[in-house]
Amino acid sequence: MGKHSRQKGKRGEREAAAQVALHWGAVGARRSVQFCGRAGDADLTGVTGLHCEVKRYARIAALDWLEQAEMDSTDGAVPVVLCREDCQTEWTLMLRVSQAPEFARRLLAMLNETKPVVEPDGEIE
C-alpha cells in the first residue's frame with residue numbers, strides 16, 4: 001500500500017472517529033494505532049462493545065441504495081438499507097452514522113412491543 005493510500009486511510013479513520021463521537025456520544029473514540037491490521041484490532045478505539053472497521057473510497061456504489069431510501073422515505077422515518085449477496089444468507093444493515101441513535105431508539109421500541117416468532121428458515125409468523 002502506498003503512502004498516499006495510508007494517509008487517506010488515516011484521515012478517514014480520524015473523520016469516522018469524530019462522527020462517532022459527535023453522533024453516538026463516544027467522546028473517547030480515536031483512531032487506533034495499527035501496525036499491520038492482522039491482529040484483529042479495530043480501526044477505532046473508545047467505542048466499547050463495537051468493532052469499527054473504517055473504509056473510505058472515492059465511490060461506494062451501495063450508497064446509491066441509501067440515497068434512494070432517503071429520497072423515498074416519508075417524513076420522520078429513518079432510512080435504512082437491508083442487503084445481502086445472493087451467495088450469502090446473512091443480511092446487512094446500512095444507515096448513516098448520524099441516524100444510528102434514532103434507529104436504535106426505534107428498534108428498541110419495536111423489540112419491546114412484541115417478540116415475533118422467527119422460524120428457522122427466517123420467516124416471521
# chains A, B, ... in the order shown; residues from 1 in each chain; ligands from 1
$ residues_around --residues "range 99-107 of chain A" --least-positions-apart "2" --cutoff "8 Å" --atoms "only C-alpha atoms" --output "MDAnalysis selection string"
chainID A and resid 23:24 78 95:97 109:111
$ closest_residue --among "A:Ala21, A:Val81, A:Glu15, A:Glu119" --to "Asp64 in chain A" --atoms "only C-alpha atoms"
A:Val81
$ closest_residue --among "A:Val80, A:Ala29, A:Leu50, A:Val118" --to "Ala17 in chain A" --atoms "only C-alpha atoms"
A:Ala29
$ residues_around --residues "Cys52 in chain A" --least-positions-apart "2" --cutoff "7 Å" --atoms "only C-alpha atoms" --output "PyMOL selection string"
chain A and resi 42-44+50+54
$ select_by_dssp --residues "chain A" --states "helix (DSSP H, G or I)" --output "short mmCIF file (atom, residue, chain, number, x, y, z; two decimals) with N, CA, C and O atoms, in the first residue's frame"
data_model
loop_
_atom_site.label_atom_id
_atom_site.label_comp_id
_atom_site.auth_asym_id
_atom_site.auth_seq_id
_atom_site.Cartn_x
_atom_site.Cartn_y
_atom_site.Cartn_z
N LYS A 3 2.07 5.33 0.21
CA LYS A 3 1.98 6.36 1.25
C LYS A 3 0.69 7.15 1.14
O LYS A 3 0.04 7.44 2.15
N HIS A 4 0.26 7.50 -0.08
CA HIS A 4 -0.98 8.27 -0.27
C HIS A 4 -2.19 7.49 0.28
O HIS A 4 -3.04 8.07 0.95
N SER A 5 -2.24 6.20 -0.02
CA SER A 5 -3.36 5.37 0.46
C SER A 5 -3.37 5.29 1.98
O SER A 5 -4.42 5.35 2.61
N ARG A 6 -2.19 5.13 2.58
CA ARG A 6 -2.12 5.06 4.05
C ARG A 6 -2.57 6.37 4.68
O ARG A 6 -3.30 6.37 5.66
N GLN A 7 -2.12 7.49 4.10
CA GLN A 7 -2.51 8.80 4.64
C GLN A 7 -4.02 9.01 4.51
O GLN A 7 -4.67 9.52 5.41
N LYS A 8 -4.59 8.61 3.36
CA LYS A 8 -6.03 8.73 3.15
C LYS A 8 -6.78 7.87 4.16
O LYS A 8 -7.79 8.29 4.73
N GLY A 9 -6.28 6.66 4.42
CA GLY A 9 -6.90 5.78 5.41
C GLY A 9 -6.87 6.38 6.80
O GLY A 9 -7.86 6.34 7.53
N LYS A 10 -5.75 6.98 7.17
CA LYS A 10 -5.64 7.62 8.48
C LYS A 10 -6.62 8.78 8.61
O LYS A 10 -7.28 8.95 9.63
N ARG A 11 -6.71 9.60 7.56
CA ARG A 11 -7.67 10.72 7.58
C ARG A 11 -9.10 10.21 7.72
O ARG A 11 -9.89 10.75 8.48
N GLY A 12 -9.42 9.15 6.98
CA GLY A 12 -10.76 8.57 7.06
C GLY A 12 -11.07 8.06 8.45
O GLY A 12 -12.18 8.25 8.97
N GLU A 13 -10.11 7.42 9.10
CA GLU A 13 -10.31 6.91 10.46
C GLU A 13 -10.51 8.05 11.45
O GLU A 13 -11.36 7.97 12.33
N ARG A 14 -9.76 9.14 11.29
CA ARG A 14 -9.94 10.29 12.18
C ARG A 14 -11.31 10.93 11.96
O ARG A 14 -11.99 11.31 12.92
N GLU A 15 -11.73 11.04 10.69
CA GLU A 15 -13.05 11.60 10.39
C GLU A 15 -14.16 10.73 10.97
O GLU A 15 -15.13 11.24 11.55
N ALA A 16 -14.03 9.42 10.81
CA ALA A 16 -15.04 8.49 11.34
C ALA A 16 -15.11 8.59 12.86
O ALA A 16 -16.20 8.60 13.44
N ALA A 17 -13.96 8.67 13.52
CA ALA A 17 -13.94 8.79 14.98
C ALA A 17 -14.65 10.06 15.43
O ALA A 17 -15.41 10.06 16.40
N ALA A 18 -14.46 11.15 14.70
CA ALA A 18 -15.11 12.42 15.04
C ALA A 18 -16.63 12.30 14.89
O ALA A 18 -17.38 12.81 15.72
N GLN A 19 -17.09 11.62 13.84
CA GLN A 19 -18.53 11.44 13.64
C GLN A 19 -19.15 10.54 14.70
O GLN A 19 -20.24 10.82 15.20
N VAL A 20 -18.44 9.48 15.07
CA VAL A 20 -18.92 8.59 16.12
C VAL A 20 -18.99 9.34 17.45
O VAL A 20 -19.95 9.20 18.21
N ALA A 21 -18.00 10.16 17.74
CA ALA A 21 -18.02 10.95 18.97
C ALA A 21 -19.19 11.93 18.96
O ALA A 21 -19.90 12.07 19.96
N LEU A 22 -19.40 12.59 17.84
CA LEU A 22 -20.46 13.59 17.73
C LEU A 22 -21.85 12.97 17.83
O LEU A 22 -22.68 13.43 18.61
N HIS A 23 -22.11 11.92 17.07
CA HIS A 23 -23.46 11.38 16.96
C HIS A 23 -23.78 10.28 17.96
O HIS A 23 -24.95 10.04 18.26
N TRP A 24 -22.77 9.56 18.45
CA TRP A 24 -23.03 8.45 19.35
C TRP A 24 -22.60 8.74 20.78
O TRP A 24 -22.74 7.91 21.66
N LEU A 63 -24.00 3.14 -1.73
CA LEU A 63 -24.60 4.37 -1.20
C LEU A 63 -25.74 4.87 -2.07
O LEU A 63 -26.61 5.60 -1.60
N ASP A 64 -25.76 4.45 -3.34
CA ASP A 64 -26.90 4.78 -4.20
C ASP A 64 -28.19 4.23 -3.59
O ASP A 64 -29.24 4.86 -3.67
N TRP A 65 -28.12 3.05 -3.00
CA TRP A 65 -29.30 2.44 -2.39
C TRP A 65 -29.76 3.26 -1.19
O TRP A 65 -30.95 3.46 -0.99
N LEU A 66 -28.80 3.72 -0.40
CA LEU A 66 -29.15 4.52 0.77
C LEU A 66 -29.75 5.86 0.34
O LEU A 66 -30.73 6.32 0.93
N GLU A 67 -29.20 6.46 -0.69
CA GLU A 67 -29.76 7.71 -1.20
C GLU A 67 -31.18 7.50 -1.71
O GLU A 67 -32.05 8.35 -1.52
N GLN A 68 -31.45 6.35 -2.32
CA GLN A 68 -32.81 6.05 -2.77
C GLN A 68 -33.74 5.93 -1.56
O GLN A 68 -34.85 6.46 -1.57
N ALA A 69 -33.29 5.24 -0.52
CA ALA A 69 -34.10 5.11 0.70
C ALA A 69 -34.37 6.48 1.30
O ALA A 69 -35.48 6.75 1.77
N GLU A 70 -33.38 7.36 1.28
CA GLU A 70 -33.56 8.71 1.82
C GLU A 70 -34.57 9.51 0.99
O GLU A 70 -35.41 10.22 1.55
N MET A 71 -34.51 9.38 -0.32
CA MET A 71 -35.45 10.11 -1.19
C MET A 71 -36.87 9.57 -1.05
O MET A 71 -37.83 10.33 -1.08
N ASP A 72 -36.99 8.25 -0.89
CA ASP A 72 -38.31 7.61 -0.86
C ASP A 72 -38.96 7.60 0.53
O ASP A 72 -40.16 7.39 0.63
N VAL A 97 -24.38 7.24 10.06
CA VAL A 97 -23.94 7.32 11.45
C VAL A 97 -24.82 8.29 12.23
O VAL A 97 -25.21 8.01 13.36
N SER A 98 -25.18 9.41 11.61
CA SER A 98 -25.99 10.41 12.30
C SER A 98 -27.40 9.90 12.61
O SER A 98 -28.05 10.40 13.52
N GLN A 99 -27.87 8.90 11.87
CA GLN A 99 -29.21 8.35 12.09
C GLN A 99 -29.21 7.17 13.07
O GLN A 99 -30.26 6.71 13.48
N ALA A 100 -28.03 6.67 13.44
CA ALA A 100 -27.94 5.48 14.29
C ALA A 100 -28.62 5.65 15.65
O ALA A 100 -29.33 4.73 16.09
N PRO A 101 -28.46 6.77 16.35
CA PRO A 101 -29.15 6.88 17.65
C PRO A 101 -30.68 6.80 17.51
O PRO A 101 -31.33 6.10 18.30
N GLU A 102 -31.24 7.45 16.52
CA GLU A 102 -32.70 7.38 16.33
C GLU A 102 -33.12 5.98 15.91
O GLU A 102 -34.14 5.46 16.36
N PHE A 103 -32.33 5.34 15.05
CA PHE A 103 -32.60 3.96 14.66
C PHE A 103 -32.61 3.07 15.89
O PHE A 103 -33.51 2.24 16.06
N ALA A 104 -31.63 3.24 16.77
CA ALA A 104 -31.54 2.41 17.98
C ALA A 104 -32.76 2.61 18.87
O ALA A 104 -33.32 1.64 19.39
N ARG A 105 -33.20 3.86 19.04
CA ARG A 105 -34.40 4.12 19.86
C ARG A 105 -35.62 3.42 19.27
O ARG A 105 -36.39 2.78 19.99
N ARG A 106 -35.78 3.53 17.96
CA ARG A 106 -36.95 2.93 17.32
C ARG A 106 -36.87 1.40 17.33
O ARG A 106 -37.88 0.73 17.50
N LEU A 107 -35.68 0.86 17.14
CA LEU A 107 -35.51 -0.59 17.19
C LEU A 107 -35.84 -1.11 18.59
O LEU A 107 -36.56 -2.10 18.74
N LEU A 108 -35.34 -0.44 19.61
CA LEU A 108 -35.65 -0.86 20.99
C LEU A 108 -37.15 -0.79 21.26
O LEU A 108 -37.71 -1.67 21.91
N ALA A 109 -37.80 0.24 20.77
CA ALA A 109 -39.24 0.36 20.95
C ALA A 109 -39.96 -0.81 20.28
O ALA A 109 -40.88 -1.39 20.86
N MET A 110 -39.55 -1.15 19.06
CA MET A 110 -40.17 -2.29 18.36
C MET A 110 -39.92 -3.59 19.11
O MET A 110 -40.82 -4.41 19.25
N LEU A 111 -38.71 -3.79 19.59
CA LEU A 111 -38.38 -5.02 20.31
C LEU A 111 -39.17 -5.13 21.61
O LEU A 111 -39.53 -6.23 22.03
N ASN A 112 -39.44 -4.00 22.24
CA ASN A 112 -40.20 -4.02 23.49
C ASN A 112 -41.70 -4.19 23.28
O ASN A 112 -42.40 -4.58 24.19
N GLU A 113 -42.19 -3.86 22.06
CA GLU A 113 -43.61 -4.01 21.77
C GLU A 113 -44.02 -5.47 21.75
O GLU A 113 -44.94 -5.88 22.42
#
$ residues_around --residues "Thr92 in chain A" --least-positions-apart "4" --cutoff "9 Å" --atoms "only C-alpha atoms" --output "PDB file with C-alpha atoms, in the first residue's frame"
ATOM      1  CA  VAL A  81     -30.999  -0.402   3.525  1.00  0.00           C
ATOM      2  CA  LEU A  82     -31.092  -4.156   4.076  1.00  0.00           C
ATOM      3  CA  CYS A  83     -28.912  -6.017   1.592  1.00  0.00           C
ATOM      4  CA  ARG A  84     -27.172  -9.304   1.026  1.00  0.00           C
TER       5      ARG A  84
END
$ atom_distance --atom1 "CA of Met1 in chain A" --atom2 "CA of Ala58 in chain A"
16.2 Å
$ select_by_dssp --residues "chain A" --states "strand (DSSP E)" --output "short mmCIF file (atom, residue, chain, number, x, y, z; two decimals) with N, CA, C and O atoms, in the first residue's frame"
data_model
loop_
_atom_site.label_atom_id
_atom_site.label_comp_id
_atom_site.auth_asym_id
_atom_site.auth_seq_id
_atom_site.Cartn_x
_atom_site.Cartn_y
_atom_site.Cartn_z
N ARG A 30 -11.27 7.17 19.04
CA ARG A 30 -10.00 7.58 18.46
C ARG A 30 -9.56 6.55 17.42
O ARG A 30 -9.95 5.39 17.48
N ARG A 31 -8.71 6.99 16.54
CA ARG A 31 -8.06 6.08 15.60
C ARG A 31 -7.09 5.23 16.39
O ARG A 31 -6.30 5.72 17.19
N LEU A 44 -11.01 1.81 15.11
CA LEU A 44 -11.32 2.83 16.13
C LEU A 44 -11.31 2.20 17.50
O LEU A 44 -11.76 1.06 17.68
N THR A 45 -10.82 2.94 18.48
CA THR A 45 -10.92 2.53 19.88
C THR A 45 -11.83 3.52 20.59
O THR A 45 -12.16 4.57 20.04
N VAL A 81 -31.07 0.55 4.63
CA VAL A 81 -31.00 -0.40 3.52
C VAL A 81 -30.65 -1.76 4.11
O VAL A 81 -29.70 -1.88 4.89
N LEU A 82 -31.41 -2.77 3.75
CA LEU A 82 -31.09 -4.16 4.08
C LEU A 82 -30.62 -4.80 2.79
O LEU A 82 -31.30 -4.73 1.76
N CYS A 83 -29.44 -5.42 2.81
CA CYS A 83 -28.91 -6.02 1.59
C CYS A 83 -28.13 -7.27 1.92
O CYS A 83 -27.68 -7.46 3.05
N THR A 92 -27.32 -7.56 5.80
CA THR A 92 -26.55 -6.44 6.31
C THR A 92 -27.43 -5.21 6.34
O THR A 92 -28.25 -5.01 5.45
N LEU A 93 -27.24 -4.39 7.36
CA LEU A 93 -27.99 -3.15 7.51
C LEU A 93 -27.06 -1.98 7.25
O LEU A 93 -25.94 -1.95 7.75
N MET A 94 -27.55 -1.02 6.49
CA MET A 94 -26.76 0.18 6.21
C MET A 94 -27.59 1.41 6.56
O MET A 94 -28.77 1.49 6.19
#
